[in-house]
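Engineer: Quick one: structure below, then a few questions.
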4 protein chains.
Amino acid sequence: MSCSYGDLFRLTVFGQSHADCIGVVIDGIPAGVTLDLDLIRAMLARRAPGNAAFSTARKEADLPDILSGVVDGVTCGAPLCAIIRNTNAHSADYDALRNLPRPSHADFAAFWKHEGYADLRGGGMFSGRMTAPLVFAGAVAMQLLRDKGVTIGAHIASVGEESDDAFDPVGVTGETLEELKTKPFPVLNDQAGDAMQAAIAAAKADGDSLGGVVECAAVGLPAGVGSPMFGGVENEIARVVFAIPAVKGIEFGSGFAGSKGTGSENNDPFCVDENGNIRTATNRHGGILGGLTSGMPLLFRAAFKPTPSIGKPQQTVDLQTYEPKTLVIPGRHDPCVVPRAVPAVEAACAIALINLIGT
Amino acid sequence: MSCSYGDLFRLTVFGQSHADCIGVVIDGIPAGVTLDLDLIRAMLARRAPGNAAFSTARKEADLPDILSGVVDGVTCGAPLCAIIRNTNAHSADYDALRNLPRPSHADFAAFWKHEGYADLRGGGMFSGRMTAPLVFAGAVAMQLLRDKGVTIGAHIASVGEESDDAFDPVGVTGETLEELKTKPFPVLNDQAGDAMQAAIAAAKADGDSLGGVVECAAVGLPAGVGSPMFGGVENEIARVVFAIPAVKGIEFGSGFAGSKGTGSENNDPFCVDENGNIRTATNRHGGILGGLTSGMPLLFRAAFKPTPSIGKPQQTVDLQTYEPKTLVIPGRHDPCVVPRAVPAVEAACAIALINLIGT
Amino acid sequence: MSCSYGDLFRLTVFGQSHADCIGVVIDGIPAGVTLDLDLIRAMLARRAPGNAAFSTARKEADLPDILSGVVDGVTCGAPLCAIIRNTNAHSADYDALRNLPRPSHADFAAFWKHEGYADLRGGGMFSGRMTAPLVFAGAVAMQLLRDKGVTIGAHIASVGEESDDAFDPVGVTGETLEELKTKPFPVLNDQAGDAMQAAIAAAKADGDSLGGVVECAAVGLPAGVGSPMFGGVENEIARVVFAIPAVKGIEFGSGFAGSKGTGSENNDPFCVDENGNIRTATNRHGGILGGLTSGMPLLFRAAFKPTPSIGKPQQTVDLQTYEPKTLVIPGRHDPCVVPRAVPAVEAACAIALINLIGT
Amino acid sequence: MSCSYGDLFRLTVFGQSHADCIGVVIDGIPAGVTLDLDLIRAMLARRAPGNAAFSTARKEADLPDILSGVVDGVTCGAPLCAIIRNTNAHSADYDALRNLPRPSHADFAAFWKHEGYADLRGGGMFSGRMTAPLVFAGAVAMQLLRDKGVTIGAHIASVGEESDDAFDPVGVTGETLEELKTKPFPVLNDQAGDAMQAAIAAAKADGDSLGGVVECAAVGLPAGVGSPMFGGVENEIARVVFAIPAVKGIEFGSGFAGSKGTGSENNDPFCVDENGNIRTATNRHGGILGGLTSGMPLLFRAAFKPTPSIGKPQQTVDLQTYEPKTLVIPGRHDPCVVPRAVPAVEAACAIALINLIGT
């Protein structure tokens with residue numbers, strides 16, 4: 001089950017960080033859709049390494065090569081396969097690490113799972129690079145959702161101790177979400193963004209790294225999407241979001257904070273809005289009730305751990321000799337993956353939603 | 001997909017709160033297993049309503065009736081179907097609510113999903129009562145895991161503003177986890193438990209409700225269970241935990257708090273323990289690296305919103321007339337579901353793990 | 001995977017021949033459907049044992065008890081669980097067989113699969129009785145298909161060496177299919193039916209049994225249902241039909257006979273019919289091209305082996321002592337399952353089609 | 001669901017006949033397997049066009065390019081993606097056919113499914129060319145099965161009216177199965193093979209085509225593989241075999257012929273063989289009882305319709321104008337696909353079995 005997700009919009013991800021390529025096969029895209037390549041490229045560009053201040057020095061064009069499923073730019077109903085070449089891999093960087101698991105990386109667990117045969121060059125299939133095909137699939141899902149009136153967008157809610165403003169849970173609009181996509185550092189409050197970037201620069205200078213939180217919203221959803229039990233909107237979004245490396249938590253609506261309050265504080269009363277529609281006056285439920293969309297903005301937050309690759313010396317153990325070793329990780333790595341994770345979180349949300357709604 | 005989960009240990013839940021019964025079919029239990037009925041009954045008893053101070057007045061024996069899959073107490077390889085009769089349903093309590101969606105309940109969203117045909121009596125299939133078959137399946141999964149050396153247990157980490165101690169992330173033992181199951185109010189620090197119970201009693205007296213957090217641990221897991229991408233341990237546990245009504249968040253290891261620190265603070269260095277095995281010196285990763293178990297205790301926390309059914313008057317809107325209405329919810333309801341949710345969280349964890357490990 | 005089928009119309013079958021009951025959970029029925037209980041009962045009645053001449057003496061009312069998913073006769077969107085009690089099981093008949101696998105029954109293989117723990121009383125979950133929940137689910141599927149203009153029906157194409165006429169591959173109508181359902185012995189040519197019944201009676205008198213072929217048709221299907229590769233109409237129908245015990249072959253359209261001819265003989269030219277629609281002039285493709293429906297009648301034939309339970313002495317081997325034994329099978333059994341299998345084949349077709357079309 | 005199959009050995013096929021490439025992603029191959037490239041190449045070579053007498057003039061090297069999942073020839077546990085370039089496509093041949101559905105091809109049905117957007121060049125994803133990735137996946141499955149002692153092989157059982165000898169249902173050996181793979185025209189009886197080749201040549205000379213039957217066997221299987229109901233060995237093999245274009249029927253063991261006999265003729269008595277193991281004295285059940293393997297050779301036959309592409313003029317209708325047209329199909333096509341289908345049938349069998357047994 002590891003590399004496939006979905007029933008109505010089914011994707012299968014493949015590749016490793018230092019294989020020939022990474023890619024994705026998507027089944028379930030209707031025939032006759034003119035792929036919006038600008039949307040795809042823009043979304044991949046937001047994920048791509050760029051700003052030297054806060055992202056990896058590994059630069060790759062990351063333009064996808066569509067191998068099947070599209071004729072003259074239009075989908076034909078056959079599965080769409082897109083690959084992204086790995087052209088800038090420095091595998092030699094990883095040779096010294098073969099027997100020295102990096103703290104808080106997948107190396108150690110992968111060693112046991114695959115009995116020493118795991119491809120750990122560049123993180124292998126555990127690499128953040130695997131979010132590139134996820135973002136590609138998410139961009140296709142975004143296009144299909146856009147045609148149904150649904151807009152998804154996200155911002156950096158926090159980096160380390162620095163926090164952005166939160167989305168207006170009741171009034172967040174598609175315009176706000178789209179505008180964020182045009183920002184090089186997607187925050188609602190640019191002063192907060194400056195503080196975050198300063199914190200990232202400081203961590204980098206210190207050979208250290210930072211984590212953070214991404215807040216994502218989807219607007220335009222009808223009420224009643226999803227299912228109770230295992231097929232709820234929360235279940236499905238969580239399932240895809242945890243496919244993004246470094247995610248360690250997710251909360252919907254008032255989430256953990258809401259668990260500290262009372263029912264009378266956390267409940268969302270119903271009212272009739274100016275257009276004569278029933279909605280909730282507040283939105284602590286994050287747009288999901290009983291696993292189903294309520295028609296209010298869908299809101300969730302995903303927590304990313306600090307990048308485990310840091311410049312500081314760390315303690316590890318040699319997997320062959322069981323001797324303690326001090327490890328200094330070579331190679332290129334982000335001091336903070338959160339900015340580049342923003343489109344990955346949007347993609348995860350889009351993939352889960354299009355699969356629930358149907359194409 | 002709504003009511004089924006799993007490939008190797010596949011369960012299908014059915015029933016509504018006020019149908020004849022609720023139940024579950026489990027496929028994948030090996031033949032030749034003598035079901036541990038004491039384990040099943042004890043786990044269901046912990047979920048059942050009991051202590052008047054903090055649970056619903058609806059009392060049901062909730063003893064499961066096993067319809068298939070077992071001959072003379074031993075599994076035969078055929079799917080096991082177990083049902084629990086609904087003997088104490090007061091459907092009349094819900095008649096007045098037919099057109100008045102209860103704030104922060106599934107009613108409103110279900111109305112749209114099922115175009116008015118949803119069975120909302122007692123919450124229908126969105127009811128907390130649906131956790132009874134989940135706990136039944138979880139108890140079977142727990143038995144199978146026990147035979148593989150894995151123990152799962154949970155405690156009430158917080159209720160409202162009152163917090164219990166946390167599990168020792170490195171040293172938590174199966175004994176601790178089992179001992180919690182014998183406590184009427186499962187906390188590590190009984191003083192904290194007293195404060196929680198007092199808070200629940202106060203909320204009840206005020207016609208209000210409280211939420212909280214359950215912390216769950218699994219010990220004895222080998223390293224390397226799980227997969228990257230969509231089949232990770234976090235993905236799968238999250239997917240099942242969100243099947244429990246009222247869950248709005250989940251975090252693994254250091255989770256949201258960890259996202260505020262630096263890599264050097266959050267990384268877990270490797271060391272060799274007293275038995276000569278490689279482990280991590282700390283456990284901020286919650287026993288999961290790259291979606292795979294690391295062999296360290298698996299740790300996660302699930303946030304529950306305050307029970308939406310409260311005695312206080314609330315604002316709603318009549319679904320037929322669109323007139324604002326003041327709603328006072330009749331019927332029996334928990335001022336805090338968290339204590340009874342503890343075995344449901346354990347069950348969700350057990351179901352996800354046995355499905356990943358295989359039976 | 002054994003007991004579940006489908007994505008959009010998902011059923012999970014459970015029970016064994018001599019368990020408390022057999023049953024099925026169906027997820028995916030839309031809310032608001034008034035179940036046509038007459039259709040369900042009539043379809044189950046055609047499967048039920050009846051005519052002493054050609055069916056088992058085990059008689060059971062086989063009326064389903066609907067436990068969930070329906071309120072006042074109308075579906076509510078929750079999974080529908082229906083059970084059929086096993087009230088007439090003579091388990092003692094099977095005690096002597098515990099170590100003596102019956103030739104051409106599942107006993108021997110099940111013994112190895114479940115290491116001696118399989119419930120083989122009455123055939124356990126391998127029993128023809130398991131087609132009762134399949135027929136129940138099929139009846140629900142038939143009702144949903146009827147509302148989409150699709151009619152499914154089948155007849156006994158052959159019993160032993162005696163053959164009925166074939167369906168008119170181009171002109172078969174829904175009326176013909178419905179009329180067959182009112183016949184106690186569903187054949188197109190009643191003289192052929194008499195010969196079949198005589199052959200069954202002769203086999204019974206001889207302590208022997210017969211097999212045969214069921215031909216099934218579906219009319220009213222739109223063109224374009226299904227998928228290439230693994231999700232084709234043939235793939236899906238075959239997958240469900242082989243869930244019926246004793247089925248050993250399936251062919252669509254001209255099938256095995258068509259493989260002996262030439263392309264120019266077997267191809268179906270296109271023409272425009274009297275209503276101005278494009279159709280094929282002939283229908284050797286059985287209504288399926290490239291895994292997709294063509295809009296022509298869907299036609300397939302399923303081969304049933306002779307009932308393996310026969311009165312004649314047979315050679316077997318004791319599973320404990322490995323000594324050869326002569327076996328005479330006690331208990332009640334059909335000399336020919338084909339007449340009762342007709343609604344099971346229809347059900348399999350209906351289940352596969354509603355899952356492909358969507359509810 | 002269309003392009004994916006399997007749970008434990010999961011493959012996803014993509015590509016169209018005239019896309020850049022066709023390919024497959026396989027998830028579930030254990031890490032540490034040195035891929036047997038000779039086995040893969042040999043199996044693809046048997047599928048590739050070759051002998052001018054009976055196959056298409058379209059020649060392609062069809063050597064797969066492995067993009068991921070393998071490091072230095074050894075699997076690493078990540079999904080394996082292999083592509084085969086489409087280097088010899090003559091799309092122009094198909095331009096004239098855009099609105100003229102070829103009789104008994106997928107064109108007409110695909111037109112409706114994809115509302116005119118289907119890629120029908122070279123048959124698109126409905127092409128026999130899609131069996132190349134299937135055969136690739138099958139070769140990997142064959143290697144994994146070989147390591148478990150299972151051998152699969154097939155022969156041309158008939159072409160048109162000419163028939164080969166049948167496999168010895170009890171005594172067929174792995175040696176026989178492997179030897180067939182070395183034959184340019186894989187039959188047991190070379191005289192029969194000569195007659196078949198003559199028949200193909202005659203059909204070709206006549207601008208016509210032939211169908212036929214492939215018989216496949218698997219030996220070395222343990223007893224007890226598979227499940228009752230939907231997960232039986234017959235269900236799964238049928239489901240994959242029908243993914244091969246032109247297959248219209250499948251039968252296991254005595255199949256359709258067996259349905260004409262009596263139980264006493266068709267039942268397989270048990271005996272103890274020379275090695276002291278229990279087996280059946282005959283094998284009309286084709287190695288499958290109750291959906292489970294019996295430990296006897298698994299035997300099935302798949303019927304292929306005559307190649308629908310023929311040189312003779314045929315009647316069709318213009319999809320735009322609804323005018324009758326006479327069609328003469330240009331391009332290259334096999335007068336009989338059966339010889340090249342032999343490895344595809346083996347592959348389908350291998351894929352279904354490795355998925356049931358587990359890797």
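How things are named: the first chain in the structure tokens is A, the next is B, and so on; residues count from 1 in each chain; ligands count from 1 in the order shown.
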Among the residues of segment 317-356 of chain A, find those DSSP assigns to alpha helix (DSSP H) from the backbone and print them as a list in words.

Structural biologist: Val338, Pro339, Arg340, Ala341, Val342, Pro343, Ala344, Val345, Glu346, Ala347, Ala348, Cys349, Ala350, Ile351, Ala352, Leu353, Ile354, Asn355 and Leu356 of chain A

Engineer: I want to know what sits within 9 Å of Ala118 of chain D, based on only C-alpha atoms, with residues of the same chain fewer than 5 positions away left out; could you give that as a ChimeraX atom specification?

Structural biologist: /A:31-32,75-78 /D:107,110-113,124-125

Engineer: Rank B:Gly73, B:Pro64, B:Pro313, B:Gly6 by their smallest atom-to-atom distance to chain D, using only C-alpha atoms, and report the top residue only.

Structural biologist: B:Gly6

Engineer: Quick check for you: according to DSSP on this backbone, which residues of segment 12-184 of chain C are classed as strand (DSSP E or B)? Reply as number ranges by chain.

Structural biologist: C: 12-15, 21-27, 34, 65-68, 70-71, 74-75, 80-85, 151-159, 162-163

Engineer: Okay, now the selection with C-alpha atoms, as a tab-separated table (two decimals), in the first residue's frame?

Structural biologist:
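To be explicit, this is the file written out as selection.tsv:
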```
chain	number	residue	atom	x	y	z
C	12	THR	CA	-18.59	-7.96	2.95
C	13	VAL	CA	-19.94	-11.47	3.32
C	14	PHE	CA	-19.65	-13.44	6.55
C	15	GLY	CA	-20.90	-16.60	8.18
C	21	CYS	CA	-26.11	-17.09	10.69
C	22	ILE	CA	-24.72	-15.97	7.39
C	23	GLY	CA	-24.89	-12.38	6.32
C	24	VAL	CA	-23.63	-9.43	4.39
C	25	VAL	CA	-22.78	-5.79	5.03
C	26	ILE	CA	-23.30	-3.45	2.07
C	27	ASP	CA	-21.80	0.01	2.04
C	34	THR	CA	-37.17	2.27	-0.31
C	65	ASP	CA	-33.18	-9.91	8.97
C	66	ILE	CA	-31.98	-6.38	8.27
C	67	LEU	CA	-29.99	-5.18	11.27
C	68	SER	CA	-28.83	-1.75	10.16
C	70	VAL	CA	-32.62	0.99	6.99
C	71	VAL	CA	-35.16	3.07	8.91
C	74	VAL	CA	-35.87	3.32	3.67
C	75	THR	CA	-32.08	3.32	3.47
C	80	LEU	CA	-26.86	-2.19	5.49
C	81	CYS	CA	-26.29	-5.40	7.40
C	82	ALA	CA	-28.60	-8.33	6.70
C	83	ILE	CA	-28.37	-11.75	8.25
C	84	ILE	CA	-30.04	-15.05	7.52
C	85	ARG	CA	-30.30	-17.44	10.43
C	151	THR	CA	-32.29	-5.53	-16.42
C	152	ILE	CA	-30.41	-8.72	-15.66
C	153	GLY	CA	-31.66	-12.26	-16.09
C	154	ALA	CA	-30.38	-15.76	-16.63
C	155	HIS	CA	-31.47	-19.20	-17.65
C	156	ILE	CA	-30.21	-22.75	-17.41
C	157	ALA	CA	-28.26	-23.12	-20.63
C	158	SER	CA	-27.44	-26.77	-20.03
C	159	VAL	CA	-27.58	-29.55	-17.50
C	162	GLU	CA	-29.10	-31.42	-22.23
C	163	SER	CA	-29.09	-27.89	-23.62
```

Engineer: If we count only C-alpha atoms and set the cut-off at 12 Å, which residues sit around Ser309 of chain D, ignoring sequence neighbours fewer than 3 positions away in its own chain? Please answer as a ChimeraX atom specification.

Structural biologist: /C:262-264,266-268 /D:56,101-107,122-123,127-128,204,207-211,246,305-306,312-314,327-337

Engineer: If you count only C-alpha atoms, which residues fall within 12 Å of Gly253 of chain B, apart from same-chain ones fewer than 2 positions away, as a ChimeraX atom specification?

Structural biologist: /A:104,246-249,303-305 /B:166-170,215-217,234,250-251,255-259,266-268,282-289,296-302

Engineer: Can you write out the residues you just picked, keeping C-alpha atoms, as a compact mmCIF listing (two decimals), in the first residue's frame?

Structural biologist:
```txt
# COMPACT_ATOMS: atom_id res chain seq x y z
CA SER A 104 15.98 11.45 13.38
CA ALA A 246 8.87 15.56 8.70
CA VAL A 247 5.16 15.95 9.48
CA LYS A 248 4.57 14.89 13.09
CA GLY A 249 1.15 16.29 13.85
CA ALA A 303 3.41 20.38 12.36
CA PHE A 304 6.86 19.84 10.85
CA LYS A 305 9.78 18.78 12.95
CA ALA B 166 3.36 12.28 30.35
CA PHE B 167 4.60 8.79 29.58
CA ASP B 168 8.37 8.39 29.94
CA PRO B 169 9.14 8.43 26.20
CA VAL B 170 12.16 6.19 26.56
CA GLU B 215 -1.82 9.79 25.16
CA CYS B 216 -1.20 6.31 23.81
CA ALA B 217 1.92 4.14 23.76
CA GLU B 234 1.66 7.75 11.33
CA ILE B 250 -3.14 13.89 16.53
CA GLU B 251 0.58 14.29 17.10
CA GLY B 255 4.59 16.83 17.68
CA PHE B 256 3.47 20.43 17.69
CA ALA B 257 5.77 21.35 20.58
CA GLY B 258 8.74 19.85 18.75
CA SER B 259 8.04 22.07 15.75
CA ASN B 266 14.67 17.72 18.66
CA ASN B 267 16.97 15.11 17.11
CA ASP B 268 17.41 11.82 18.93
CA THR B 282 15.85 10.26 23.63
CA ASN B 283 12.54 9.70 21.87
CA ARG B 284 11.21 12.90 20.42
CA HIS B 285 10.43 10.97 17.24
CA GLY B 286 7.77 8.98 19.10
CA GLY B 287 9.11 5.67 17.84
CA ILE B 288 8.53 6.50 14.17
CA LEU B 289 11.18 7.59 11.65
CA MET B 296 11.55 2.76 20.51
CA PRO B 297 8.18 3.18 22.26
CA LEU B 298 5.55 4.43 19.85
CA LEU B 299 3.90 7.53 21.32
CA PHE B 300 1.07 9.69 20.14
CA ARG B 301 -1.54 12.05 21.53
CA ALA B 302 -5.10 12.52 20.27
```

Engineer: Report as JSON lines the residues of chain D within 12 Å of chain B, each with its shortest atom pair and distance in Å (one decimal), using only C-alpha atoms, ordered by chain and increasing residue number.

Structural biologist:
```
{"residue": "D:Gly6", "atom": "CA", "partner": "B:Asp7", "partner_atom": "CA", "distance": 10.8}
{"residue": "D:Asp7", "atom": "CA", "partner": "B:Asp7", "partner_atom": "CA", "distance": 7.6}
{"residue": "D:Leu8", "atom": "CA", "partner": "B:Asp7", "partner_atom": "CA", "distance": 9.3}
{"residue": "D:Asp27", "atom": "CA", "partner": "B:Ser227", "partner_atom": "CA", "distance": 11.0}
{"residue": "D:Gly28", "atom": "CA", "partner": "B:Ser227", "partner_atom": "CA", "distance": 10.5}
{"residue": "D:Gly77", "atom": "CA", "partner": "B:Ser227", "partner_atom": "CA", "distance": 9.7}
{"residue": "D:Ala78", "atom": "CA", "partner": "B:Pro228", "partner_atom": "CA", "distance": 8.9}
{"residue": "D:Pro79", "atom": "CA", "partner": "B:Pro228", "partner_atom": "CA", "distance": 10.7}
{"residue": "D:Gly224", "atom": "CA", "partner": "B:Gly77", "partner_atom": "CA", "distance": 11.9}
{"residue": "D:Ser227", "atom": "CA", "partner": "B:Ala78", "partner_atom": "CA", "distance": 9.5}
{"residue": "D:Pro228", "atom": "CA", "partner": "B:Ala78", "partner_atom": "CA", "distance": 8.9}
{"residue": "D:Met229", "atom": "CA", "partner": "B:Ala78", "partner_atom": "CA", "distance": 10.5}
{"residue": "D:Gly231", "atom": "CA", "partner": "B:Asp27", "partner_atom": "CA", "distance": 11.7}
{"residue": "D:Leu356", "atom": "CA", "partner": "B:Leu8", "partner_atom": "CA", "distance": 11.7}
{"residue": "D:Gly358", "atom": "CA", "partner": "B:Leu8", "partner_atom": "CA", "distance": 11.3}
```

Engineer: Using only C-alpha atoms, which of the listed residues (C:Thr359, C:Asn86, C:Gln315, C:Gln320) sits closest to Ala141 of chain C?

Structural biologist: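 When distances to Ala141 of chain C are compared using only C-alpha atoms, the smallest one comes from C:Thr359.
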
Engineer: If you measure from atom CA of Leu35 of chain A to atom CA of Asp119 of chain D, what distance in Å do you get, rounded to one decimal?

Structural biologist: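 Straight-line distance from atom CA of Leu35 of chain A to atom CA of Asp119 of chain D works out to 15.5 Å.
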
Engineer: Can you work out which one of D:Ile244, D:Val213, D:Ala42, D:Ala352 has the shortest atom-to-atom distance to Met130 of chain D, counting only C-alpha atoms?

Structural biologist: D:Ile244

Engineer: Excluding Val135 of chain C and residues on its chain fewer than 4 positions from it, collect all residues at most 8 Å away from it, counting only C-alpha atoms, and give them as a ChimeraX atom specification.

Structural biologist: /C:43-44,47,131,139,343-344,347-348
